[in-house]
Structures are given as structure tokens and as C-alpha cells.
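Peer 1: Take a look at structure.cif, mmCIF, C-alpha atoms:
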data_upload
#
loop_
_atom_site.group_PDB
_atom_site.id
_atom_site.type_symbol
_atom_site.label_atom_id
_atom_site.label_comp_id
_atom_site.auth_asym_id
_atom_site.auth_seq_id
_atom_site.Cartn_x
_atom_site.Cartn_y
_atom_site.Cartn_z
ATOM 1 C CA MET A 1 -2.003 -42.118 7.057
ATOM 2 C CA TYR A 2 -2.881 -45.820 7.007
ATOM 3 C CA ASP A 3 -3.990 -47.395 3.752
ATOM 4 C CA ARG A 4 -7.307 -49.172 3.236
ATOM 5 C CA LYS A 5 -5.735 -52.643 3.494
ATOM 6 C CA THR A 6 -4.229 -51.850 6.903
ATOM 7 C CA ARG A 7 -7.541 -50.493 8.163
ATOM 8 C CA GLU A 8 -9.462 -53.558 7.000
ATOM 9 C CA HIS A 9 -6.896 -55.931 8.532
ATOM 10 C CA THR A 10 -7.038 -54.088 11.864
ATOM 11 C CA LEU A 11 -10.841 -54.139 11.974
ATOM 12 C CA ALA A 12 -10.768 -57.849 11.098
ATOM 13 C CA LEU A 13 -8.668 -58.480 14.219
ATOM 14 C CA VAL A 14 -11.217 -56.605 16.319
ATOM 15 C CA ALA A 15 -14.037 -58.575 14.674
ATOM 16 C CA GLN A 16 -12.406 -61.754 15.982
ATOM 17 C CA GLY A 17 -13.410 -60.632 19.461
ATOM 18 C CA ARG A 18 -10.052 -59.255 20.502
ATOM 19 C CA SER A 19 -9.814 -56.161 22.678
ATOM 20 C CA LEU A 20 -8.765 -52.803 21.290
ATOM 21 C CA ASN A 21 -5.771 -52.857 23.640
ATOM 22 C CA SER A 22 -4.410 -56.136 22.269
ATOM 23 C CA VAL A 23 -4.954 -55.113 18.641
ATOM 24 C CA SER A 24 -3.329 -51.747 19.312
ATOM 25 C CA LYS A 25 -0.266 -53.396 20.872
ATOM 26 C CA GLN A 26 0.089 -55.847 17.980
ATOM 27 C CA THR A 27 -0.318 -53.310 15.184
ATOM 28 C CA GLY A 28 1.089 -50.174 16.791
ATOM 29 C CA ILE A 29 -2.107 -48.326 15.835
ATOM 30 C CA SER A 30 -3.782 -46.225 18.516
ATOM 31 C CA ARG A 31 -7.094 -47.254 20.048
ATOM 32 C CA TYR A 32 -8.664 -43.961 18.986
ATOM 33 C CA ALA A 33 -7.712 -44.599 15.370
ATOM 34 C CA ILE A 34 -9.206 -48.099 15.521
ATOM 35 C CA ARG A 35 -12.387 -46.769 17.131
ATOM 36 C CA SER A 36 -12.714 -44.076 14.471
ATOM 37 C CA TRP A 37 -12.344 -46.723 11.726
ATOM 38 C CA GLN A 38 -15.206 -48.671 13.309
ATOM 39 C CA ILE A 39 -17.339 -45.610 12.632
ATOM 40 C CA ARG A 40 -15.824 -44.606 9.281
ATOM 41 C CA ILE A 41 -13.182 -46.676 7.507
ATOM 42 C CA GLU A 42 -12.553 -44.177 4.717
ATOM 43 C CA PRO A 43 -10.003 -41.438 5.490
ATOM 44 C CA VAL A 44 -11.393 -37.942 5.864
ATOM 45 C CA SER A 45 -10.411 -35.542 3.118
ATOM 46 C CA ARG A 46 -8.475 -32.417 4.060
ATOM 47 C CA ALA A 47 -11.170 -30.487 2.235
ATOM 48 C CA THR A 48 -13.813 -31.690 4.695
ATOM 49 C CA GLU A 49 -15.551 -28.748 6.341
ATOM 50 C CA CYS A 50 -16.771 -28.437 9.892
ATOM 51 C CA PRO A 51 -19.785 -30.694 10.627
ATOM 52 C CA ARG A 52 -21.296 -27.927 12.739
ATOM 53 C CA CYS A 53 -21.179 -25.468 9.811
ATOM 54 C CA GLU A 54 -23.084 -27.601 7.338
ATOM 55 C CA GLY A 55 -26.599 -26.744 6.177
ATOM 56 C CA VAL A 56 -27.872 -29.295 8.677
ATOM 57 C CA PRO A 57 -25.368 -29.239 11.563
ATOM 58 C CA ARG A 58 -24.254 -32.645 12.799
ATOM 59 C CA PRO A 59 -21.959 -33.850 15.594
ATOM 60 C CA PRO A 60 -18.357 -34.889 14.910
ATOM 61 C CA GLU A 61 -18.029 -38.368 13.434
ATOM 62 C CA ALA A 62 -15.380 -39.367 15.994
ATOM 63 C CA ALA A 63 -17.884 -38.989 18.835
ATOM 64 C CA MET A 64 -15.972 -41.176 21.300
ATOM 65 C CA ALA A 65 -12.770 -39.191 20.825
ATOM 66 C CA TYR A 66 -14.787 -35.980 21.061
ATOM 67 C CA ALA A 67 -16.244 -36.978 24.443
ATOM 68 C CA TYR A 68 -12.715 -37.494 25.787
ATOM 69 C CA LEU A 69 -11.424 -34.276 24.239
ATOM 70 C CA LEU A 70 -14.395 -32.336 25.651
ATOM 71 C CA GLY A 71 -13.414 -33.498 29.144
ATOM 72 C CA LEU A 72 -9.810 -32.438 28.565
ATOM 73 C CA TYR A 73 -10.911 -29.069 27.187
ATOM 74 C CA LEU A 74 -13.223 -28.306 30.105
ATOM 75 C CA GLY A 75 -10.429 -29.135 32.529
ATOM 76 C CA ASP A 76 -7.171 -27.857 31.045
ATOM 77 C CA GLY A 77 -8.030 -26.472 27.615
ATOM 78 C CA CYS A 78 -8.435 -23.065 26.067
ATOM 79 C CA ILE A 79 -9.217 -21.606 22.636
ATOM 80 C CA SER A 80 -7.626 -18.367 21.488
ATOM 81 C CA ARG A 81 -8.287 -16.212 18.432
ATOM 82 C CA GLN A 82 -5.321 -15.805 16.115
ATOM 83 C CA PRO A 83 -4.395 -12.319 14.847
ATOM 84 C CA ARG A 84 -5.412 -11.040 11.419
ATOM 85 C CA GLY A 85 -8.298 -13.464 10.991
ATOM 86 C CA ARG A 86 -6.122 -16.583 10.891
ATOM 87 C CA GLY A 87 -8.590 -18.643 12.857
ATOM 88 C CA TYR A 88 -8.275 -20.134 16.342
ATOM 89 C CA VAL A 89 -5.850 -22.289 18.271
ATOM 90 C CA LEU A 90 -6.860 -25.034 20.687
ATOM 91 C CA ARG A 91 -4.396 -25.691 23.499
ATOM 92 C CA ILE A 92 -4.626 -28.524 26.034
ATOM 93 C CA ALA A 93 -2.124 -28.418 28.908
ATOM 94 C CA CYS A 94 -0.678 -31.851 29.769
ATOM 95 C CA ALA A 95 1.876 -32.495 32.501
ATOM 96 C CA ASP A 96 5.262 -33.895 31.439
ATOM 97 C CA ALA A 97 4.819 -36.618 34.056
ATOM 98 C CA TRP A 98 2.102 -38.345 31.996
ATOM 99 C CA PRO A 99 3.409 -39.168 28.488
ATOM 100 C CA GLY A 100 0.487 -41.543 27.916
ATOM 101 C CA LEU A 101 -1.920 -38.677 28.535
ATOM 102 C CA ILE A 102 -0.041 -36.470 26.076
ATOM 103 C CA GLY A 103 -0.297 -39.188 23.424
ATOM 104 C CA ALA A 104 -3.981 -39.802 24.087
ATOM 105 C CA CYS A 105 -4.697 -36.070 23.861
ATOM 106 C CA ARG A 106 -2.913 -35.781 20.520
ATOM 107 C CA GLU A 107 -4.809 -38.778 19.168
ATOM 108 C CA ALA A 108 -8.148 -37.329 20.265
ATOM 109 C CA VAL A 109 -7.447 -33.935 18.668
ATOM 110 C CA LYS A 110 -6.413 -35.625 15.437
ATOM 111 C CA ALA A 111 -9.473 -37.891 15.449
ATOM 112 C CA VAL A 112 -11.837 -34.941 15.886
ATOM 113 C CA ARG A 113 -10.113 -32.722 13.284
ATOM 114 C CA PRO A 114 -8.085 -35.116 11.075
ATOM 115 C CA MET A 115 -7.532 -32.425 8.460
ATOM 116 C CA ASN A 116 -5.636 -30.197 10.905
ATOM 117 C CA SER A 117 -2.123 -30.775 12.186
ATOM 118 C CA VAL A 118 -1.383 -31.296 15.880
ATOM 119 C CA CYS A 119 1.847 -30.169 17.538
ATOM 120 C CA VAL A 120 3.314 -30.177 21.028
ATOM 121 C CA VAL A 121 4.804 -26.995 22.487
ATOM 122 C CA GLN A 122 7.042 -27.453 25.525
ATOM 123 C CA ARG A 123 6.451 -25.312 28.584
ATOM 124 C CA GLN A 124 7.931 -25.509 32.057
ATOM 125 C CA GLY A 125 6.672 -28.767 33.585
ATOM 126 C CA CYS A 126 4.089 -29.363 30.875
ATOM 127 C CA VAL A 127 3.394 -29.399 27.180
ATOM 128 C CA MET A 128 0.641 -27.677 25.248
ATOM 129 C CA VAL A 129 -1.005 -29.996 22.745
ATOM 130 C CA THR A 130 -1.858 -27.461 20.055
ATOM 131 C CA SER A 131 -3.956 -27.412 16.899
ATOM 132 C CA TYR A 132 -5.071 -24.570 14.625
ATOM 133 C CA SER A 133 -8.481 -24.389 12.954
ATOM 134 C CA HIS A 134 -11.162 -21.837 12.094
ATOM 135 C CA HIS A 135 -13.717 -24.240 13.557
ATOM 136 C CA TRP A 136 -12.669 -24.920 17.155
ATOM 137 C CA PRO A 137 -15.337 -22.534 18.540
ATOM 138 C CA CYS A 138 -17.945 -24.455 16.510
ATOM 139 C CA LEU A 139 -16.891 -27.700 18.176
ATOM 140 C CA PHE A 140 -16.473 -26.167 21.637
ATOM 141 C CA PRO A 141 -19.164 -23.486 21.968
ATOM 142 C CA GLN A 142 -18.219 -23.124 25.648
ATOM 143 C CA HIS A 143 -15.374 -20.930 24.371
ATOM 144 C CA GLY A 144 -15.702 -17.340 25.496
ATOM 145 C CA PRO A 145 -13.924 -14.428 27.168
ATOM 146 C CA GLY A 146 -12.651 -14.859 30.693
ATOM 147 C CA LYS A 147 -12.008 -17.902 32.843
ATOM 148 C CA LYS A 148 -14.372 -20.865 32.705
ATOM 149 C CA HIS A 149 -15.324 -20.660 36.369
ATOM 150 C CA GLU A 150 -16.361 -17.035 35.895
ATOM 151 C CA ARG A 151 -18.932 -17.711 33.176
ATOM 152 C CA PRO A 152 -21.692 -20.291 32.589
ATOM 153 C CA ILE A 153 -20.586 -23.630 31.147
ATOM 154 C CA VAL A 154 -23.547 -25.448 29.604
ATOM 155 C CA LEU A 155 -23.429 -28.234 27.031
ATOM 156 C CA GLU A 156 -25.456 -27.901 23.865
ATOM 157 C CA ALA A 157 -27.960 -30.641 23.095
ATOM 158 C CA TRP A 158 -25.681 -32.388 20.569
ATOM 159 C CA GLN A 159 -22.797 -32.363 23.056
ATOM 160 C CA GLN A 160 -25.006 -33.784 25.800
ATOM 161 C CA GLN A 161 -26.055 -36.602 23.474
ATOM 162 C CA ILE A 162 -22.403 -37.515 22.936
ATOM 163 C CA VAL A 163 -21.692 -37.398 26.675
ATOM 164 C CA ASP A 164 -24.743 -39.570 27.331
ATOM 165 C CA GLU A 165 -23.509 -42.075 24.742
ATOM 166 C CA TYR A 166 -19.872 -42.073 25.911
ATOM 167 C CA PRO A 167 -19.949 -41.050 29.591
ATOM 168 C CA TRP A 168 -16.790 -42.972 30.474
ATOM 169 C CA GLU A 169 -14.746 -41.232 27.792
ATOM 170 C CA PHE A 170 -16.028 -37.872 29.044
ATOM 171 C CA LEU A 171 -15.170 -38.788 32.639
ATOM 172 C CA ARG A 172 -11.771 -40.030 31.551
ATOM 173 C CA GLY A 173 -11.026 -36.675 29.937
ATOM 174 C CA LEU A 174 -12.083 -34.799 33.067
ATOM 175 C CA ILE A 175 -10.012 -37.047 35.347
ATOM 176 C CA HIS A 176 -7.010 -36.800 33.036
ATOM 177 C CA SER A 177 -7.220 -33.004 33.191
ATOM 178 C CA ASP A 178 -8.331 -32.027 36.690
ATOM 179 C CA GLY A 179 -8.471 -35.357 38.503
ATOM 180 C CA CYS A 180 -6.234 -38.002 40.008
ATOM 181 C CA ARG A 181 -6.168 -41.475 41.524
ATOM 182 C CA ILE A 182 -4.315 -41.606 44.828
ATOM 183 C CA THR A 183 -3.781 -44.010 47.717
ATOM 184 C CA ASN A 184 -5.202 -42.796 51.012
ATOM 185 C CA TRP A 185 -4.419 -44.337 54.355
ATOM 186 C CA THR A 186 -5.921 -44.488 57.806
ATOM 187 C CA THR A 187 -5.470 -46.563 60.949
ATOM 188 C CA ARG A 188 -7.863 -48.900 62.692
ATOM 189 C CA VAL A 189 -7.696 -51.207 65.671
ATOM 190 C CA VAL A 190 -7.685 -54.899 64.724
ATOM 191 C CA GLY A 191 -7.456 -57.459 67.517
ATOM 192 C CA GLY A 192 -6.370 -54.787 69.953
ATOM 193 C CA GLU A 193 -3.569 -53.618 67.675
ATOM 194 C CA ARG A 194 -3.649 -50.438 65.618
ATOM 195 C CA LYS A 195 -2.830 -51.153 61.996
ATOM 196 C CA ARG A 196 -2.361 -49.009 58.931
ATOM 197 C CA TYR A 197 -5.009 -49.423 56.228
ATOM 198 C CA GLU A 198 -4.547 -48.140 52.664
ATOM 199 C CA TYR A 199 -7.216 -47.697 50.002
ATOM 200 C CA PRO A 200 -7.394 -46.092 46.526
ATOM 201 C CA ARG A 201 -9.471 -43.011 45.886
ATOM 202 C CA TYR A 202 -10.309 -40.696 42.987
ATOM 203 C CA PHE A 203 -10.439 -36.919 43.256
ATOM 204 C CA PHE A 204 -11.695 -34.304 40.818
ATOM 205 C CA THR A 205 -11.041 -30.633 41.526
ATOM 206 C CA ASN A 206 -12.409 -27.658 39.642
ATOM 207 C CA MET A 207 -13.431 -24.080 40.399
ATOM 208 C CA SER A 208 -16.471 -24.111 38.091
ATOM 209 C CA ALA A 209 -19.736 -25.222 39.670
ATOM 210 C CA ASP A 210 -21.070 -26.003 36.191
ATOM 211 C CA ILE A 211 -18.142 -28.292 35.315
ATOM 212 C CA LEU A 212 -18.438 -30.009 38.692
ATOM 213 C CA ARG A 213 -22.114 -30.638 37.951
ATOM 214 C CA LEU A 214 -21.291 -32.103 34.532
ATOM 215 C CA TYR A 215 -18.800 -34.410 36.248
ATOM 216 C CA THR A 216 -21.156 -35.589 38.987
ATOM 217 C CA ASP A 217 -24.051 -35.989 36.526
ATOM 218 C CA ALA A 218 -21.844 -38.315 34.464
ATOM 219 C CA LEU A 219 -20.856 -40.231 37.611
ATOM 220 C CA ASP A 220 -24.525 -40.686 38.454
ATOM 221 C CA ARG A 221 -25.183 -41.913 34.913
ATOM 222 C CA VAL A 222 -22.624 -44.731 35.200
ATOM 223 C CA GLY A 223 -23.526 -45.684 38.764
ATOM 224 C CA VAL A 224 -20.474 -44.300 40.608
ATOM 225 C CA GLU A 225 -21.073 -43.059 44.156
ATOM 226 C CA TRP A 226 -19.403 -39.769 45.051
ATOM 227 C CA LYS A 227 -19.359 -37.084 47.712
ATOM 228 C CA PRO A 228 -17.944 -33.586 48.092
ATOM 229 C CA ALA A 229 -14.594 -33.467 49.848
ATOM 230 C CA ARG A 230 -12.979 -30.534 51.627
ATOM 231 C CA GLN A 231 -12.885 -27.230 49.808
ATOM 232 C CA SER A 232 -9.427 -25.985 48.835
ATOM 233 C CA ARG A 233 -9.467 -22.207 48.457
ATOM 234 C CA LYS A 234 -12.219 -21.608 45.877
ATOM 235 C CA ALA A 235 -11.956 -25.047 44.291
ATOM 236 C CA GLU A 236 -14.330 -27.868 45.078
ATOM 237 C CA ASN A 237 -13.180 -31.477 45.395
ATOM 238 C CA ILE A 238 -15.328 -34.450 44.456
ATOM 239 C CA SER A 239 -14.262 -37.742 46.002
ATOM 240 C CA VAL A 240 -14.937 -41.321 44.902
ATOM 241 C CA ALA A 241 -13.848 -43.671 47.677
ATOM 242 C CA ARG A 242 -16.326 -46.541 48.000
ATOM 243 C CA ARG A 243 -14.707 -49.815 46.998
ATOM 244 C CA ALA A 244 -17.228 -50.793 44.307
ATOM 245 C CA SER A 245 -17.161 -47.328 42.742
ATOM 246 C CA VAL A 246 -13.354 -47.168 42.754
ATOM 247 C CA ALA A 247 -13.263 -50.602 41.104
ATOM 248 C CA LEU A 248 -15.636 -49.320 38.428
ATOM 249 C CA MET A 249 -13.458 -46.261 37.854
ATOM 250 C CA ASP A 250 -10.360 -48.465 37.675
ATOM 251 C CA GLN A 251 -12.041 -50.635 35.071
ATOM 252 C CA HIS A 252 -12.873 -47.740 32.764
ATOM 253 C CA ILE A 253 -10.346 -45.027 33.623
ATOM 254 C CA GLY A 254 -7.433 -46.068 35.849
ATOM 255 C CA PRO A 255 -4.499 -43.934 36.932
ATOM 256 C CA LYS A 256 -2.747 -41.522 34.616
ATOM 257 C CA TYR A 257 0.362 -42.844 32.919
#
Could you spell out this file's structure in C-alpha cells?
Peer 2:
Amino acid sequence: MYDRKTREHTLALVAQGRSLNSVSKQTGISRYAIRSWQIRIEPVSRATECPRCEGVPRPPEAAMAYAYLLGLYLGDGCISRQPRGRGYVLRIACADAWPGLIGACREAVKAVRPMNSVCVVQRQGCVMVTSYSHHWPCLFPQHGPGKKHERPIVLEAWQQQIVDEYPWEFLRGLIHSDGCRITNWTTRVVGGERKRYEYPRYFFTNMSADILRLYTDALDRVGVEWKPARQSRKAENISVARRASVALMDQHIGPKY
């Protein structure tokens, strides 16, 4: 927990016009923490209840972190009921190959529910970023029995407002869960000689038509051109390959790390 003086000093650095990345590297404080302080500098009490359970329900205060976490949840997340009425557990699967993704996921979970602890449970080839709370179904009403692609996935109005406000964070969460940035190659004849040509490309793969629609709607909102790629079994692939659109994705998302 950072004290008030540290929070004020960090926000003062940002107010000088410096980027969140540079301030984060200098102070060792995560970008999500800095962003949350821009919204609310005071720490959240452990006694704070769920914003969705209040007399007048409201969205989470850490809306930017929530948009990212929503993308991760829709891709590789699940919520399970604990036995004997002990609440629910949120689990986000993150591959061992991307330690930066694991860190970003933990930060997002903590920003959305700062009063709950976050732990990492090792599995073969991946970790489960895990957090327990009675209120995860309130924050992710898409929770339900069965697999996501076998039931409707529709955002509530308050969730859609957050996605509309932070579409890049939502897209980043989806790409970090079920997407990738790869280098494709092809050949073309130049001056009578066939040469190899490489170009970057983004893919997003999911078996839920509803989640695919949420992804492509967000791409449309930020001006990224896309097209369906080949189907793989029952999954659908969405490709972003045009140079300007890839450059836009690189600016706001980039490869996993």
C-alpha cells in the first residue's frame, strides 16, 4: 500500500507531461496503479462493498482496469462458486511464456477489487491468477453454467459504457487472452526475382460468436480494419493485416511479453 505522499509525488510527475511508462519505470509503480490514482487518490477501504450492490448501482471506479480485465475474463477467465456459501473465485489463465501478461492481469484484478487478495496458482504451462470475492458475479454478469460459447454473452449497459470509453484496454485484454501478434510471410516477384516478404499480423480466435462480435465492434470503434480468416475446427479467426491497422494495434497493444 502506497502512502498519500507517494501517490501525490507520482501524480505530480504525470502532471509534468511525462508518460505513464516513464513514470512507472522511475518509481516502480504499475501503470494501472497510477491510472487508478488519477481517478481516486485515496486508498479504498477493505470495508468497501461492491459498487453493483449499492442502492444505486454504479460501475467500478477503476474503469480502465475493468475494461482490460473484462477482455481477459471473456477470453481465458472463469468464475466458480465456492462450497458452503464461501463466495466465488475468479480465475484467469495466463501462459508462463508471458510474465508481463501475468503481472498486468494481477494488477487489473487488484485495481478492480483492491480489498481482495490476488494469488497465482501454478498449473502445467500456465498460471491461474486467482481472487476470491462474493461479488465477482456482480462485476461479471456473463458468469453462468456451461461454456461461454454455448450460451449468450451480452454486455450490460454499464459494461458497454466502459468498453466504449476504453475500447483499447478492452481489445488489449481480448488479444492478451485469445489473440496474438505474429509475422506472416509470402513471396512476390520483384525485378524478375522472387523474394520473400514478411509482414506483421494480429489474430483473435474464439468459439463464441458473441465474443467475436464484441471484438469486431470494438475494432470498428477505433478504426481498425479486419476480416475473418480461415475457420479452425469450431473456432473463428479474425485477422488484422492491413499496414495502417497493424500500426494502430502496435501503438495501443503490441505483442505479448
Peer 1: At a cut-off of 12 Å, using all atoms listed in the file, what residues contact stretch 27-33 of chain A? Leave out same-chain residues fewer than 2 positions from it and give the result as a PyMOL selection string.
Peer 2: chain A and resi 1-2+6-7+9-11+13-14+19-25+35-43+62-69+100+103-112+114+169
Peer 1: List the residues selected by the PyMOL selection byres ((chain A and resi 159) around 12) in the file shown, writing them as a ChimeraX atom specification.
Peer 2: /A:52,58-60,63-64,66-71,138-142,154-158,160-167,170,214
Peer 1: For the residues in the current selection, export C-alpha atoms as a PDB file, keeping the file's coordinate frame.
Peer 2:
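Listed below is the output, out.pdb:
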ATOM      1  CA  ARG A  52     -21.296 -27.927  12.739  1.00  0.00           C
ATOM      2  CA  ARG A  58     -24.254 -32.645  12.799  1.00  0.00           C
ATOM      3  CA  PRO A  59     -21.959 -33.850  15.594  1.00  0.00           C
ATOM      4  CA  PRO A  60     -18.357 -34.889  14.910  1.00  0.00           C
ATOM      5  CA  ALA A  63     -17.884 -38.989  18.835  1.00  0.00           C
ATOM      6  CA  MET A  64     -15.972 -41.176  21.300  1.00  0.00           C
ATOM      7  CA  TYR A  66     -14.787 -35.980  21.061  1.00  0.00           C
ATOM      8  CA  ALA A  67     -16.244 -36.978  24.443  1.00  0.00           C
ATOM      9  CA  TYR A  68     -12.715 -37.494  25.787  1.00  0.00           C
ATOM     10  CA  LEU A  69     -11.424 -34.276  24.239  1.00  0.00           C
ATOM     11  CA  LEU A  70     -14.395 -32.336  25.651  1.00  0.00           C
ATOM     12  CA  GLY A  71     -13.414 -33.498  29.144  1.00  0.00           C
ATOM     13  CA  CYS A 138     -17.945 -24.455  16.510  1.00  0.00           C
ATOM     14  CA  LEU A 139     -16.891 -27.700  18.176  1.00  0.00           C
ATOM     15  CA  PHE A 140     -16.473 -26.167  21.637  1.00  0.00           C
ATOM     16  CA  PRO A 141     -19.164 -23.486  21.968  1.00  0.00           C
ATOM     17  CA  GLN A 142     -18.219 -23.124  25.648  1.00  0.00           C
ATOM     18  CA  VAL A 154     -23.547 -25.448  29.604  1.00  0.00           C
ATOM     19  CA  LEU A 155     -23.429 -28.234  27.031  1.00  0.00           C
ATOM     20  CA  GLU A 156     -25.456 -27.901  23.865  1.00  0.00           C
ATOM     21  CA  ALA A 157     -27.960 -30.641  23.095  1.00  0.00           C
ATOM     22  CA  TRP A 158     -25.681 -32.388  20.569  1.00  0.00           C
ATOM     23  CA  GLN A 160     -25.006 -33.784  25.800  1.00  0.00           C
ATOM     24  CA  GLN A 161     -26.055 -36.602  23.474  1.00  0.00           C
ATOM     25  CA  ILE A 162     -22.403 -37.515  22.936  1.00  0.00           C
ATOM     26  CA  VAL A 163     -21.692 -37.398  26.675  1.00  0.00           C
ATOM     27  CA  ASP A 164     -24.743 -39.570  27.331  1.00  0.00           C
ATOM     28  CA  GLU A 165     -23.509 -42.075  24.742  1.00  0.00           C
ATOM     29  CA  TYR A 166     -19.872 -42.073  25.911  1.00  0.00           C
ATOM     30  CA  PRO A 167     -19.949 -41.050  29.591  1.00  0.00           C
ATOM     31  CA  PHE A 170     -16.028 -37.872  29.044  1.00  0.00           C
ATOM     32  CA  LEU A 214     -21.291 -32.103  34.532  1.00  0.00           C
TER      33      LEU A 214
END
Peer 1: When you count only C-alpha atoms, which of these residues is closest to A:Pro99: A:Ala247, A:Cys126, A:Ile238, A:Gln82?
Peer 2: A:Cys126
Peer 1: Point out the residue among A:Arg86, A:Arg194, A:His176, A:Arg91 with the least atom-to-atom distance to A:His134, counting all atoms listed in the file.
Peer 2: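 With all atoms listed in the file as the atom set, the closest residue is A:Arg86.
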Peer 1: Using Å and a single decimal, report how far atom CA of A:Val240 sits from atom CA of A:Ser208.
Peer 2: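 About the pair atom CA of A:Ser208 and atom CA of A:Val240: they are 18.6 Å apart.
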Peer 1: Take atom CA of A:Asn206 and atom CA of A:Trp136 and report the distance between them in Å, one decimal.
Peer 2: 22.7 Å
Peer 1: Residues within 6 Å of A:Arg181, please, as a PyMOL selection string. Count only C-alpha atoms; anything in the same chain fewer than 4 positions from it doesn't count.
Peer 2: chain A and resi 201-202+255
Peer 1: Determine the residue membership of the PyMOL selection byres ((chain A and resi 174) around 8) for the file above and supply it as a ChimeraX atom specification.
Peer 2: /A:68,71-72,74-75,170-173,175-179,204,215
Peer 1: How would stretch 196-213 of chain A read, as a PDB file, in the frame of the given file, once N, CA, C and O atoms are built in?
Peer 2:
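The resulting part_9.pdb:
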ATOM      1  N   ARG A 196      -2.202 -49.949  60.029  1.00  0.00           N
ATOM      2  CA  ARG A 196      -2.361 -49.009  58.931  1.00  0.00           C
ATOM      3  C   ARG A 196      -3.178 -49.664  57.813  1.00  0.00           C
ATOM      4  O   ARG A 196      -2.946 -50.818  57.458  1.00  0.00           O
ATOM      5  N   TYR A 197      -4.130 -48.913  57.280  1.00  0.00           N
ATOM      6  CA  TYR A 197      -5.009 -49.423  56.228  1.00  0.00           C
ATOM      7  C   TYR A 197      -4.960 -48.460  55.054  1.00  0.00           C
ATOM      8  O   TYR A 197      -5.163 -47.262  55.202  1.00  0.00           O
ATOM      9  N   GLU A 198      -4.628 -48.968  53.857  1.00  0.00           N
ATOM     10  CA  GLU A 198      -4.547 -48.140  52.664  1.00  0.00           C
ATOM     11  C   GLU A 198      -5.677 -48.480  51.699  1.00  0.00           C
ATOM     12  O   GLU A 198      -6.098 -49.635  51.616  1.00  0.00           O
ATOM     13  N   TYR A 199      -6.150 -47.467  50.977  1.00  0.00           N
ATOM     14  CA  TYR A 199      -7.216 -47.697  50.002  1.00  0.00           C
ATOM     15  C   TYR A 199      -7.127 -46.657  48.885  1.00  0.00           C
ATOM     16  O   TYR A 199      -6.730 -45.522  49.126  1.00  0.00           O
ATOM     17  N   PRO A 200      -7.456 -47.039  47.648  1.00  0.00           N
ATOM     18  CA  PRO A 200      -7.394 -46.092  46.526  1.00  0.00           C
ATOM     19  C   PRO A 200      -8.598 -45.156  46.535  1.00  0.00           C
ATOM     20  O   PRO A 200      -9.660 -45.482  47.075  1.00  0.00           O
ATOM     21  N   ARG A 201      -8.424 -44.025  45.887  1.00  0.00           N
ATOM     22  CA  ARG A 201      -9.471 -43.011  45.886  1.00  0.00           C
ATOM     23  C   ARG A 201      -9.285 -42.109  44.667  1.00  0.00           C
ATOM     24  O   ARG A 201      -8.155 -41.854  44.246  1.00  0.00           O
ATOM     25  N   TYR A 202     -10.361 -41.639  44.100  1.00  0.00           N
ATOM     26  CA  TYR A 202     -10.309 -40.696  42.987  1.00  0.00           C
ATOM     27  C   TYR A 202     -10.751 -39.317  43.475  1.00  0.00           C
ATOM     28  O   TYR A 202     -11.697 -39.206  44.262  1.00  0.00           O
ATOM     29  N   PHE A 203     -10.056 -38.298  42.982  1.00  0.00           N
ATOM     30  CA  PHE A 203     -10.439 -36.919  43.256  1.00  0.00           C
ATOM     31  C   PHE A 203     -10.603 -36.170  41.934  1.00  0.00           C
ATOM     32  O   PHE A 203      -9.889 -36.425  40.960  1.00  0.00           O
ATOM     33  N   PHE A 204     -11.552 -35.245  41.922  1.00  0.00           N
ATOM     34  CA  PHE A 204     -11.695 -34.304  40.818  1.00  0.00           C
ATOM     35  C   PHE A 204     -11.864 -32.923  41.419  1.00  0.00           C
ATOM     36  O   PHE A 204     -12.710 -32.721  42.300  1.00  0.00           O
ATOM     37  N   THR A 205     -11.048 -31.979  40.961  1.00  0.00           N
ATOM     38  CA  THR A 205     -11.041 -30.633  41.526  1.00  0.00           C
ATOM     39  C   THR A 205     -11.223 -29.606  40.427  1.00  0.00           C
ATOM     40  O   THR A 205     -10.502 -29.625  39.427  1.00  0.00           O
ATOM     41  N   ASN A 206     -12.174 -28.701  40.628  1.00  0.00           N
ATOM     42  CA  ASN A 206     -12.409 -27.658  39.642  1.00  0.00           C
ATOM     43  C   ASN A 206     -13.075 -26.476  40.335  1.00  0.00           C
ATOM     44  O   ASN A 206     -13.792 -26.652  41.324  1.00  0.00           O
ATOM     45  N   MET A 207     -12.863 -25.281  39.806  1.00  0.00           N
ATOM     46  CA  MET A 207     -13.431 -24.080  40.399  1.00  0.00           C
ATOM     47  C   MET A 207     -14.780 -23.704  39.798  1.00  0.00           C
ATOM     48  O   MET A 207     -15.437 -22.777  40.277  1.00  0.00           O
ATOM     49  N   SER A 208     -15.200 -24.415  38.738  1.00  0.00           N
ATOM     50  CA  SER A 208     -16.471 -24.111  38.091  1.00  0.00           C
ATOM     51  C   SER A 208     -17.571 -25.020  38.632  1.00  0.00           C
ATOM     52  O   SER A 208     -17.485 -26.246  38.522  1.00  0.00           O
ATOM     53  N   ALA A 209     -18.613 -24.431  39.183  1.00  0.00           N
ATOM     54  CA  ALA A 209     -19.736 -25.222  39.670  1.00  0.00           C
ATOM     55  C   ALA A 209     -20.420 -25.967  38.528  1.00  0.00           C
ATOM     56  O   ALA A 209     -20.907 -27.088  38.701  1.00  0.00           O
ATOM     57  N   ASP A 210     -20.437 -25.359  37.343  1.00  0.00           N
ATOM     58  CA  ASP A 210     -21.070 -26.003  36.191  1.00  0.00           C
ATOM     59  C   ASP A 210     -20.288 -27.245  35.749  1.00  0.00           C
ATOM     60  O   ASP A 210     -20.875 -28.285  35.432  1.00  0.00           O
ATOM     61  N   ILE A 211     -18.961 -27.139  35.707  1.00  0.00           N
ATOM     62  CA  ILE A 211     -18.142 -28.292  35.315  1.00  0.00           C
ATOM     63  C   ILE A 211     -18.228 -29.391  36.360  1.00  0.00           C
ATOM     64  O   ILE A 211     -18.297 -30.586  36.033  1.00  0.00           O
ATOM     65  N   LEU A 212     -18.255 -29.010  37.625  1.00  0.00           N
ATOM     66  CA  LEU A 212     -18.438 -30.009  38.692  1.00  0.00           C
ATOM     67  C   LEU A 212     -19.768 -30.746  38.518  1.00  0.00           C
ATOM     68  O   LEU A 212     -19.843 -31.968  38.701  1.00  0.00           O
ATOM     69  N   ARG A 213     -20.805 -30.007  38.144  1.00  0.00           N
ATOM     70  CA  ARG A 213     -22.114 -30.638  37.951  1.00  0.00           C
ATOM     71  C   ARG A 213     -22.080 -31.600  36.764  1.00  0.00           C
ATOM     72  O   ARG A 213     -22.655 -32.694  36.829  1.00  0.00           O
TER      73      ARG A 213
END
